[in-house]
$ cat upload-v4.cif   # mmCIF, C-alpha atoms and all ligand atoms
data_protein
#
loop_
_atom_site.label_atom_id
_atom_site.label_comp_id
_atom_site.auth_asym_id
_atom_site.auth_seq_id
_atom_site.Cartn_x
_atom_site.Cartn_y
_atom_site.Cartn_z
CA MET A 1 -21.19 7.17 -8.44
CA LEU A 2 -18.00 8.75 -7.10
CA ILE A 3 -14.83 7.37 -8.70
CA MET A 4 -11.56 8.37 -7.15
CA GLU A 5 -8.58 8.99 -9.38
CA VAL A 6 -5.00 9.39 -8.18
CA HIS A 7 -1.59 9.85 -9.80
CA LEU A 8 1.16 7.45 -8.84
CA PRO A 9 4.46 8.92 -7.61
CA GLY A 10 6.19 6.33 -9.86
CA GLY A 11 3.97 4.63 -12.41
CA LEU A 12 3.58 1.41 -14.33
CA PRO A 13 5.84 0.93 -17.38
CA ASP A 14 3.74 -0.17 -20.34
CA ASN A 15 4.87 -0.21 -23.99
CA GLY A 16 7.56 2.39 -23.43
CA ARG A 17 5.24 4.70 -21.49
CA ILE A 18 4.76 5.21 -17.79
CA GLU A 19 1.10 4.95 -16.78
CA ARG A 20 0.49 7.08 -13.69
CA ARG A 21 -3.28 7.59 -13.64
CA VAL A 22 -5.07 5.12 -11.38
CA ARG A 23 -8.81 4.85 -10.86
CA PHE A 24 -10.36 3.13 -7.87
CA GLN A 25 -13.54 1.10 -8.02
CA PRO A 26 -16.55 2.88 -6.53
CA MET A 27 -16.50 1.75 -2.89
CA THR A 28 -19.36 -0.66 -2.23
CA GLY A 29 -19.95 -3.19 0.53
CA ARG A 30 -18.94 -5.90 -1.92
CA ILE A 31 -15.47 -4.38 -2.34
CA GLU A 32 -15.15 -3.88 1.43
CA GLN A 33 -16.12 -7.52 1.96
CA ALA A 34 -13.43 -8.65 -0.50
CA LEU A 35 -10.86 -6.48 1.33
CA ILE A 36 -11.90 -8.00 4.66
CA GLU A 37 -11.57 -11.53 3.23
CA SER A 38 -8.10 -10.65 1.85
CA ALA A 39 -6.94 -9.78 5.38
CA HIS A 40 -6.85 -13.53 6.13
CA ASN A 41 -3.86 -13.88 3.76
CA PRO A 42 -0.80 -14.08 6.07
CA ASP A 43 1.63 -13.26 3.24
CA ARG A 44 1.83 -9.45 3.26
CA PRO A 45 2.92 -8.65 -0.33
CA ALA A 46 0.34 -11.17 -1.65
CA TYR A 47 -2.27 -9.55 0.64
CA VAL A 48 -1.52 -6.11 -0.85
CA THR A 49 -1.81 -7.56 -4.38
CA ASP A 50 -5.19 -9.07 -3.40
CA VAL A 51 -6.46 -5.84 -1.88
CA LEU A 52 -5.40 -3.64 -4.78
CA SER A 53 -6.76 -6.13 -7.35
CA HIS A 54 -10.18 -5.74 -5.71
CA ALA A 55 -10.03 -1.99 -5.06
CA LEU A 56 -8.60 -0.67 -8.34
CA LYS A 57 -10.49 -0.20 -11.58
CA SER A 58 -7.70 0.74 -14.02
CA ILE A 59 -4.11 1.93 -14.37
CA GLY A 60 -3.98 4.22 -17.41
CA ASP A 61 -6.00 2.25 -19.96
CA LEU A 62 -4.96 -1.10 -18.50
CA PRO A 63 -7.59 -3.21 -16.77
CA ILE A 64 -6.70 -4.60 -13.37
CA ASP A 65 -5.55 -8.11 -12.63
CA ARG A 66 -3.15 -9.56 -10.07
CA ASP A 67 -0.20 -9.46 -12.47
CA THR A 68 -0.66 -5.76 -13.28
CA VAL A 69 -0.90 -4.86 -9.59
CA ALA A 70 2.17 -7.01 -8.79
CA ARG A 71 4.20 -5.14 -11.44
CA LEU A 72 3.78 -1.84 -9.57
CA THR A 73 6.76 -0.69 -7.52
CA VAL A 74 6.72 -1.15 -3.77
CA ALA A 75 6.32 2.60 -3.13
CA ASP A 76 3.42 2.93 -5.59
CA ARG A 77 1.67 0.05 -3.82
CA GLN A 78 2.24 1.77 -0.45
CA TYR A 79 0.86 4.99 -1.90
CA LEU A 80 -2.28 3.21 -3.19
CA MET A 81 -2.81 1.51 0.20
CA LEU A 82 -2.53 4.94 1.84
CA ARG A 83 -5.10 6.47 -0.55
CA LEU A 84 -7.41 3.45 -0.11
CA ALA A 85 -7.24 3.84 3.68
CA ALA A 86 -8.21 7.51 3.22
CA MET A 87 -11.20 6.48 1.04
CA LEU A 88 -12.36 4.03 3.70
CA ASN A 89 -11.68 6.04 6.85
CA GLY A 90 -10.89 9.64 5.93
CA GLU A 91 -7.60 11.53 6.06
CA GLN A 92 -7.25 11.48 9.84
CA LEU A 93 -5.36 8.59 11.41
CA TRP A 94 -4.64 8.02 15.10
CA LEU A 95 -1.43 6.08 15.63
CA ASN A 96 -0.89 4.29 18.89
CA VAL A 97 2.78 4.58 19.85
CA GLN A 98 4.73 3.06 22.73
CA CYS A 99 7.52 5.32 23.97
CA SER A 100 10.92 3.68 23.42
CA HIS A 101 12.24 5.43 26.55
CA CYS A 102 9.54 5.23 29.29
CA GLN A 103 7.22 2.64 27.61
CA SER A 104 4.13 4.89 28.01
CA LEU A 105 1.44 4.48 25.38
CA PHE A 106 0.26 7.59 23.60
CA ASP A 107 -1.70 8.56 20.48
CA VAL A 108 -0.41 10.67 17.61
CA GLU A 109 -2.68 12.27 15.04
CA VAL A 110 -1.54 11.94 11.44
CA LYS A 111 -3.18 13.46 8.37
CA ARG A 112 -2.76 10.93 5.57
CA SER A 113 -2.83 13.66 2.91
CA GLU A 114 0.05 15.48 4.64
CA LEU A 115 2.51 12.57 4.60
CA PRO A 116 5.38 13.53 2.27
CA VAL A 117 5.52 11.59 -1.02
CA LYS A 118 8.72 11.65 -3.10
CA PRO A 119 8.15 11.36 -6.86
CA ALA A 120 10.28 8.98 -8.94
CA GLY A 121 13.65 10.26 -10.17
CA HIS A 122 14.78 10.76 -13.76
CA GLY A 123 14.86 7.56 -15.83
CA PHE A 124 12.44 5.67 -13.52
CA PRO A 125 12.07 2.71 -13.27
CA HIS A 126 15.60 2.22 -14.65
CA VAL A 127 18.90 3.47 -13.34
CA MET A 128 22.40 3.10 -14.84
CA ILE A 129 25.07 2.45 -12.25
CA ALA A 130 28.82 2.52 -12.98
CA ILE A 131 30.80 0.26 -10.63
CA ASN A 132 34.37 -0.87 -11.45
CA ASP A 133 34.18 -1.34 -15.24
CA TRP A 134 30.55 -2.44 -15.18
CA GLN A 135 27.67 -0.40 -16.58
CA ILE A 136 24.77 -1.88 -14.66
CA ASP A 137 21.19 -1.36 -15.82
CA ALA A 138 18.90 -1.95 -12.84
CA GLY A 139 15.20 -1.42 -12.08
CA VAL A 140 13.23 -0.49 -8.97
CA PRO A 141 11.80 -3.54 -7.11
CA THR A 142 8.13 -4.36 -7.57
CA GLY A 143 5.42 -6.12 -5.61
CA LYS A 144 6.18 -9.26 -7.59
CA ASP A 145 9.81 -9.14 -6.43
CA GLN A 146 8.61 -8.72 -2.83
CA GLU A 147 6.27 -11.69 -3.20
CA GLY A 148 9.26 -13.76 -4.39
CA ILE A 149 11.28 -13.31 -1.18
CA ARG A 150 8.67 -15.15 0.89
CA GLY A 151 10.32 -17.60 3.28
CA LEU A 152 13.91 -16.54 2.48
CA GLU A 153 16.49 -15.60 5.13
CA GLU A 154 17.49 -11.91 5.04
CA GLN A 155 20.82 -12.52 3.26
CA GLN A 156 19.21 -14.85 0.71
CA ALA A 157 16.44 -12.31 0.16
CA VAL A 158 18.95 -9.52 -0.59
CA HIS A 159 20.67 -11.67 -3.21
CA TRP A 160 17.40 -12.87 -4.73
CA LEU A 161 16.14 -9.28 -4.99
CA LEU A 162 19.42 -8.17 -6.55
CA ARG A 163 19.02 -10.78 -9.29
CA GLN A 164 15.49 -9.46 -10.03
CA CYS A 165 16.64 -5.83 -10.14
CA VAL A 166 19.78 -6.11 -12.29
CA TYR A 167 18.62 -6.32 -15.91
CA SER A 168 21.95 -6.12 -17.71
CA VAL A 169 25.69 -5.55 -17.21
CA ASN A 170 27.60 -3.91 -20.11
CA GLY A 171 24.59 -4.68 -22.31
CA GLN A 172 24.59 -8.42 -21.54
CA ALA A 173 22.40 -10.50 -19.27
CA PRO A 174 24.09 -10.65 -15.84
CA THR A 175 25.97 -13.89 -15.14
CA ASP A 176 26.40 -15.87 -11.93
CA ALA A 177 30.09 -14.85 -12.06
CA PHE A 178 29.05 -11.16 -11.97
CA PHE A 179 26.84 -11.64 -8.90
CA ALA A 180 29.58 -13.67 -7.19
CA GLN A 181 32.07 -10.80 -7.63
CA LEU A 182 29.84 -8.13 -6.05
CA THR A 183 31.14 -6.88 -2.70
CA GLU A 184 28.96 -5.60 0.16
CA ALA A 185 29.92 -2.06 -0.89
CA ASP A 186 28.87 -2.74 -4.52
CA ILE A 187 25.50 -4.06 -3.34
CA ALA A 188 25.05 -1.00 -1.10
CA ALA A 189 25.86 1.28 -4.09
CA ILE A 190 23.26 -0.47 -6.27
CA ASP A 191 20.73 -0.23 -3.45
CA GLU A 192 21.41 3.48 -3.02
CA ALA A 193 21.09 4.18 -6.76
CA LEU A 194 17.75 2.33 -6.81
CA ASP A 195 16.55 4.33 -3.77
CA ASP A 196 17.46 7.58 -5.56
CA VAL A 197 15.31 6.81 -8.62
CA SER A 198 12.51 5.10 -6.69
CA PRO A 199 9.44 7.01 -5.52
CA ALA A 200 8.87 6.90 -1.76
CA VAL A 201 6.04 7.41 0.69
CA CYS A 202 7.01 8.69 4.13
CA ASP A 203 6.73 5.88 6.65
CA ARG A 204 8.67 7.42 9.55
CA LEU A 205 7.37 10.07 11.90
CA LEU A 206 9.19 12.10 14.50
CA VAL A 207 7.04 12.05 17.65
CA THR A 208 7.46 13.36 21.20
CA CYS A 209 6.33 11.33 24.20
CA PRO A 210 3.92 13.45 26.30
CA GLU A 211 5.10 11.69 29.51
CA CYS A 212 8.90 11.97 29.30
CA SER A 213 9.30 14.40 26.34
CA CYS A 214 11.62 11.95 24.59
CA GLU A 215 11.72 12.65 20.84
CA GLN A 216 11.77 9.48 18.74
CA CYS A 217 11.11 8.02 15.34
CA THR A 218 8.11 5.75 14.83
CA ARG A 219 7.25 3.62 11.83
CA LEU A 220 3.99 3.86 9.94
CA ASP A 221 2.99 0.59 8.28
CA HIS A 222 0.96 1.52 5.19
CA TYR A 223 -0.08 -2.11 4.75
CA ALA A 224 -1.70 -2.31 8.20
CA GLN A 225 -3.86 0.83 8.28
CA LEU A 226 -6.96 0.02 6.22
CA GLY A 227 -8.94 -0.01 9.47
CA LEU A 228 -11.62 -2.43 8.27
CA ASP A 229 -13.28 -4.35 11.08
CA GLU A 230 -14.88 -7.65 10.10
CA HIS A 231 -17.31 -7.76 13.06
CA PHE A 232 -18.33 -4.15 12.66
CA PHE A 233 -18.90 -4.64 8.91
CA TYR A 234 -21.15 -7.69 9.34
CA ASP A 235 -22.99 -5.89 12.18
CA GLU A 236 -23.85 -3.17 9.67
CA ILE A 237 -25.10 -5.70 7.10
CA HIS A 238 -27.12 -7.45 9.80
CA THR A 239 -28.70 -4.19 11.02
CA LEU A 240 -29.79 -3.20 7.49
CA ALA A 241 -31.08 -6.69 6.68
CA SER A 242 -33.09 -6.84 9.94
CA HIS A 243 -34.52 -3.37 9.48
CA TYR A 244 -35.35 -3.19 5.78
CA HIS A 245 -35.48 -6.93 4.93
CA TRP A 246 -33.16 -6.35 1.95
CA SER A 247 -31.12 -9.29 0.69
CA GLU A 248 -27.43 -9.51 1.56
CA ALA A 249 -26.56 -9.10 -2.15
CA ASP A 250 -28.54 -5.84 -2.39
CA ILE A 251 -26.94 -4.45 0.75
CA LEU A 252 -23.44 -5.36 -0.44
CA ASP A 253 -24.08 -3.53 -3.73
CA LEU A 254 -24.85 -0.26 -1.91
CA PRO A 255 -22.13 2.38 -2.11
CA GLN A 256 -20.46 2.82 1.28
CA HIS A 257 -21.85 6.35 1.77
CA LYS A 258 -25.44 5.15 1.18
CA ARG A 259 -25.06 2.23 3.58
CA ARG A 260 -23.79 4.65 6.26
CA ARG A 261 -26.68 6.98 5.52
CA TYR A 262 -29.30 4.27 6.07
CA LEU A 263 -27.54 3.11 9.24
CA ASP A 264 -27.58 6.69 10.47
CA LEU A 265 -31.35 6.87 9.81
CA ILE A 266 -31.92 3.61 11.69
CA ASN A 267 -29.86 4.89 14.65
CA ARG A 268 -31.72 8.20 14.69
CA SER A 269 -35.14 6.59 14.57
CA ALA A 270 -34.12 4.19 17.34
CA ALA A 271 -32.99 7.17 19.44
CA GLY A 272 -36.29 8.92 18.65
CA TYR A 273 -38.35 5.95 19.87
CA GLY A 274 -36.15 5.88 22.98
CA ARG A 275 -37.13 9.47 23.85
CA GLY A 276 -40.81 8.84 23.25
ZN ZN B 1 8.23 8.46 27.21
#
$ encode --input "upload-v4.cif" --output "structure tokens"
Amino acid sequence: MLIMEVHLPGGLPDNGRIERRVRFQPMTGRIEQALIESAHNPDRPAYVTDVLSHALKSIGDLPIDRDTVARLTVADRQYLMLRLAAMLNGEQLWLNVQCSHCQSLFDVEVKRSELPVKPAGHGFPHVMIAINDWQIDAGVPTGKDQEGIRGLEEQQAVHWLLRQCVYSVNGQAPTDAFFAQLTEADIAAIDEALDDVSPAVCDRLLVTCPECSCEQCTRLDHYAQLGLDEHFFYDEIHTLASHYHWSEADILDLPQHKRRRYLDLINRSAAGYGRG
């Protein structure tokens, strides 16, 4: 059975090493069903943790659980969602864009494999930042940090995230007094230093409206592009069950490519009967 392996642009710190090799589970109907069920989770970072917990097999030698997946950096999680979408739907993606100038709707073709990915910088996931007479040791935010900002106002979220990312100041645990002294400019400097060391997956595209030729930037949401359709999926299960009288469990255990193959055969024989 085909197992897909990818290398993270960042990686998971484990016992002083950075694990970058990730293996996906072989894609079966059962995994797809779990991904479809996860889509009902309205909390986006928790949804991504759910999805990746189902879809991944291992990170380095580490088995997969929710905690391991939550410890990955935000960019690594975006990268894995991008690769998972490619496994499910291929490298080609059609983005529907509304022109910011004339409001026309148009489609843009994107090749997932061609989206630029920036690898992590030196020292990842840590960065040392010198501000005033502080030596600040900070780390790139993870999925767990993102999950923690649920329900917070933007300003509160920034401060909460800052407290997760700053590990030490002059070798000591950071104090409330330290955080209280940080100016907007200090926070921006910490943010910038973290961005420099963090991996990144391109999520902005420069597109041109075919109606008014206006060039503009559009966002690509890596968390919203899995392209799994609940109705379509259960239609497929229903078609196979009706035709072959296999149990739901047996159909769900089929690898995705085999399920598609049988559906193709059913469609072709139906078309054949139609002609006769
Ligand atoms: Zn336009």
$ residues_near_ligand --input "upload-v4.cif" --ligand "ligand ZN 1 (chain B)" --cutoff "8 Å" --atoms "all atoms listed in the file" --output "PyMOL selection string"
chain A and resi 98-104+208-214
$ residues_around --input "upload-v4.cif" --residues "segment 116-127 of chain A" --least-positions-apart "2" --cutoff "7 Å" --atoms "all atoms listed in the file" --output "list in words"
Pro9, Gly10, Glu114, Ile129, Asp137, Ala138, Gly139, Val140, Ala193, Leu194, Asp196, Val197, Ser198, Pro199, Ala200, Val201 and Cys202 of chain A
$ atom_distance --input "upload-v4.cif" --atom1 "atom CA of Ile251 of chain A" --atom2 "atom CA of Arg83 of chain A"
24.5 Å
$ residues_around --input "upload-v4.cif" --residues "segment 257-262 of chain A" --least-positions-apart "3" --cutoff "10 Å" --atoms "only C-alpha atoms" --output "PyMOL selection string"
chain A and resi 2+27-29+88+236-237+239-240+243-244+251-254+265-268
$ write_last_selection --input "upload-v4.cif" --atoms "C-alpha atoms" --output "PDB file, in the coordinates of the input"
ATOM      1  CA  LEU A   2     -18.000   8.750  -7.100  1.00  0.00           C
ATOM      2  CA  MET A  27     -16.500   1.750  -2.890  1.00  0.00           C
ATOM      3  CA  THR A  28     -19.360  -0.660  -2.230  1.00  0.00           C
ATOM      4  CA  GLY A  29     -19.950  -3.190   0.530  1.00  0.00           C
ATOM      5  CA  LEU A  88     -12.360   4.030   3.700  1.00  0.00           C
ATOM      6  CA  GLU A 236     -23.850  -3.170   9.670  1.00  0.00           C
ATOM      7  CA  ILE A 237     -25.100  -5.700   7.100  1.00  0.00           C
ATOM      8  CA  THR A 239     -28.700  -4.190  11.020  1.00  0.00           C
ATOM      9  CA  LEU A 240     -29.790  -3.200   7.490  1.00  0.00           C
ATOM     10  CA  HIS A 243     -34.520  -3.370   9.480  1.00  0.00           C
ATOM     11  CA  TYR A 244     -35.350  -3.190   5.780  1.00  0.00           C
ATOM     12  CA  ILE A 251     -26.940  -4.450   0.750  1.00  0.00           C
ATOM     13  CA  LEU A 252     -23.440  -5.360  -0.440  1.00  0.00           C
ATOM     14  CA  ASP A 253     -24.080  -3.530  -3.730  1.00  0.00           C
ATOM     15  CA  LEU A 254     -24.850  -0.260  -1.910  1.00  0.00           C
ATOM     16  CA  LEU A 265     -31.350   6.870   9.810  1.00  0.00           C
ATOM     17  CA  ILE A 266     -31.920   3.610  11.690  1.00  0.00           C
ATOM     18  CA  ASN A 267     -29.860   4.890  14.650  1.00  0.00           C
ATOM     19  CA  ARG A 268     -31.720   8.200  14.690  1.00  0.00           C
TER      20      ARG A 268
END
$ closest_residue --input "upload-v4.cif" --among "A:Thr218, A:Phe178, A:Val69, A:Leu263" --to "Phe233 of chain A" --atoms "all atoms listed in the file"
A:Leu263
$ build_atoms --input "upload-v4.cif" --residues "segment 55-81 of chain A" --atoms "N, CA and C atoms" --output "mmCIF file, keeping the file's coordinate frame"
data_model
loop_
_atom_site.group_PDB
_atom_site.id
_atom_site.type_symbol
_atom_site.label_atom_id
_atom_site.label_comp_id
_atom_site.auth_asym_id
_atom_site.auth_seq_id
_atom_site.Cartn_x
_atom_site.Cartn_y
_atom_site.Cartn_z
ATOM 1 N N ALA A 55 -9.656 -3.397 -5.259
ATOM 2 C CA ALA A 55 -10.030 -1.990 -5.060
ATOM 3 C C ALA A 55 -9.814 -1.117 -6.290
ATOM 4 N N LEU A 56 -8.912 -1.536 -7.198
ATOM 5 C CA LEU A 56 -8.600 -0.670 -8.340
ATOM 6 C C LEU A 56 -9.464 -1.023 -9.550
ATOM 7 N N LYS A 57 -9.704 -0.007 -10.366
ATOM 8 C CA LYS A 57 -10.490 -0.200 -11.580
ATOM 9 C C LYS A 57 -9.576 -0.227 -12.809
ATOM 10 N N SER A 58 -8.607 0.702 -12.862
ATOM 11 C CA SER A 58 -7.700 0.740 -14.020
ATOM 12 C C SER A 58 -6.419 1.485 -13.679
ATOM 13 N N ILE A 59 -5.364 1.160 -14.427
ATOM 14 C CA ILE A 59 -4.110 1.930 -14.370
ATOM 15 C C ILE A 59 -3.881 2.397 -15.804
ATOM 16 N N GLY A 60 -3.967 3.718 -16.036
ATOM 17 C CA GLY A 60 -3.980 4.220 -17.410
ATOM 18 C C GLY A 60 -5.156 3.582 -18.118
ATOM 19 N N ASP A 61 -4.906 2.948 -19.262
ATOM 20 C CA ASP A 61 -6.000 2.250 -19.960
ATOM 21 C C ASP A 61 -5.976 0.763 -19.655
ATOM 22 N N LEU A 62 -5.086 0.339 -18.774
ATOM 23 C CA LEU A 62 -4.960 -1.100 -18.500
ATOM 24 C C LEU A 62 -6.001 -1.552 -17.486
ATOM 25 N N PRO A 63 -6.686 -2.661 -17.781
ATOM 26 C CA PRO A 63 -7.590 -3.210 -16.770
ATOM 27 C C PRO A 63 -6.759 -3.829 -15.648
ATOM 28 N N ILE A 64 -7.418 -4.116 -14.550
ATOM 29 C CA ILE A 64 -6.700 -4.600 -13.370
ATOM 30 C C ILE A 64 -6.757 -6.118 -13.259
ATOM 31 N N ASP A 65 -5.603 -6.718 -13.072
ATOM 32 C CA ASP A 65 -5.550 -8.110 -12.630
ATOM 33 C C ASP A 65 -4.367 -8.222 -11.660
ATOM 34 N N ARG A 66 -4.196 -9.400 -11.084
ATOM 35 C CA ARG A 66 -3.150 -9.560 -10.070
ATOM 36 C C ARG A 66 -1.766 -9.246 -10.634
ATOM 37 N N ASP A 67 -1.516 -9.657 -11.878
ATOM 38 C CA ASP A 67 -0.200 -9.460 -12.470
ATOM 39 C C ASP A 67 0.124 -7.968 -12.625
ATOM 40 N N THR A 68 -0.865 -7.205 -13.091
ATOM 41 C CA THR A 68 -0.660 -5.760 -13.280
ATOM 42 C C THR A 68 -0.338 -5.093 -11.946
ATOM 43 N N VAL A 69 -1.101 -5.458 -10.916
ATOM 44 C CA VAL A 69 -0.900 -4.860 -9.590
ATOM 45 C C VAL A 69 0.471 -5.270 -9.033
ATOM 46 N N ALA A 70 0.876 -6.518 -9.302
ATOM 47 C CA ALA A 70 2.170 -7.010 -8.790
ATOM 48 C C ALA A 70 3.340 -6.324 -9.481
ATOM 49 N N ARG A 71 3.125 -5.818 -10.704
ATOM 50 C CA ARG A 71 4.200 -5.140 -11.440
ATOM 51 C C ARG A 71 4.439 -3.708 -10.960
ATOM 52 N N LEU A 72 3.560 -3.188 -10.111
ATOM 53 C CA LEU A 72 3.780 -1.840 -9.570
ATOM 54 C C LEU A 72 4.942 -1.859 -8.583
ATOM 55 N N THR A 73 5.649 -0.736 -8.487
ATOM 56 C CA THR A 73 6.760 -0.690 -7.520
ATOM 57 C C THR A 73 6.210 -0.697 -6.099
ATOM 58 N N VAL A 74 7.099 -1.049 -5.179
ATOM 59 C CA VAL A 74 6.720 -1.150 -3.770
ATOM 60 C C VAL A 74 6.138 0.179 -3.269
ATOM 61 N N ALA A 75 6.787 1.297 -3.620
ATOM 62 C CA ALA A 75 6.320 2.600 -3.130
ATOM 63 C C ALA A 75 4.962 2.968 -3.719
ATOM 64 N N ASP A 76 4.731 2.645 -4.994
ATOM 65 C CA ASP A 76 3.420 2.930 -5.590
ATOM 66 C C ASP A 76 2.334 2.122 -4.884
ATOM 67 N N ARG A 77 2.644 0.890 -4.525
ATOM 68 C CA ARG A 77 1.670 0.050 -3.820
ATOM 69 C C ARG A 77 1.395 0.630 -2.422
ATOM 70 N N GLN A 78 2.451 1.136 -1.756
ATOM 71 C CA GLN A 78 2.240 1.770 -0.450
ATOM 72 C C GLN A 78 1.363 3.002 -0.610
ATOM 73 N N TYR A 79 1.632 3.775 -1.657
ATOM 74 C CA TYR A 79 0.860 4.990 -1.900
ATOM 75 C C TYR A 79 -0.622 4.650 -2.124
ATOM 76 N N LEU A 80 -0.886 3.601 -2.912
ATOM 77 C CA LEU A 80 -2.280 3.210 -3.190
ATOM 78 C C LEU A 80 -2.964 2.689 -1.922
ATOM 79 N N MET A 81 -2.234 1.975 -1.069
ATOM 80 C CA MET A 81 -2.810 1.510 0.200
ATOM 81 C C MET A 81 -3.159 2.711 1.094
#
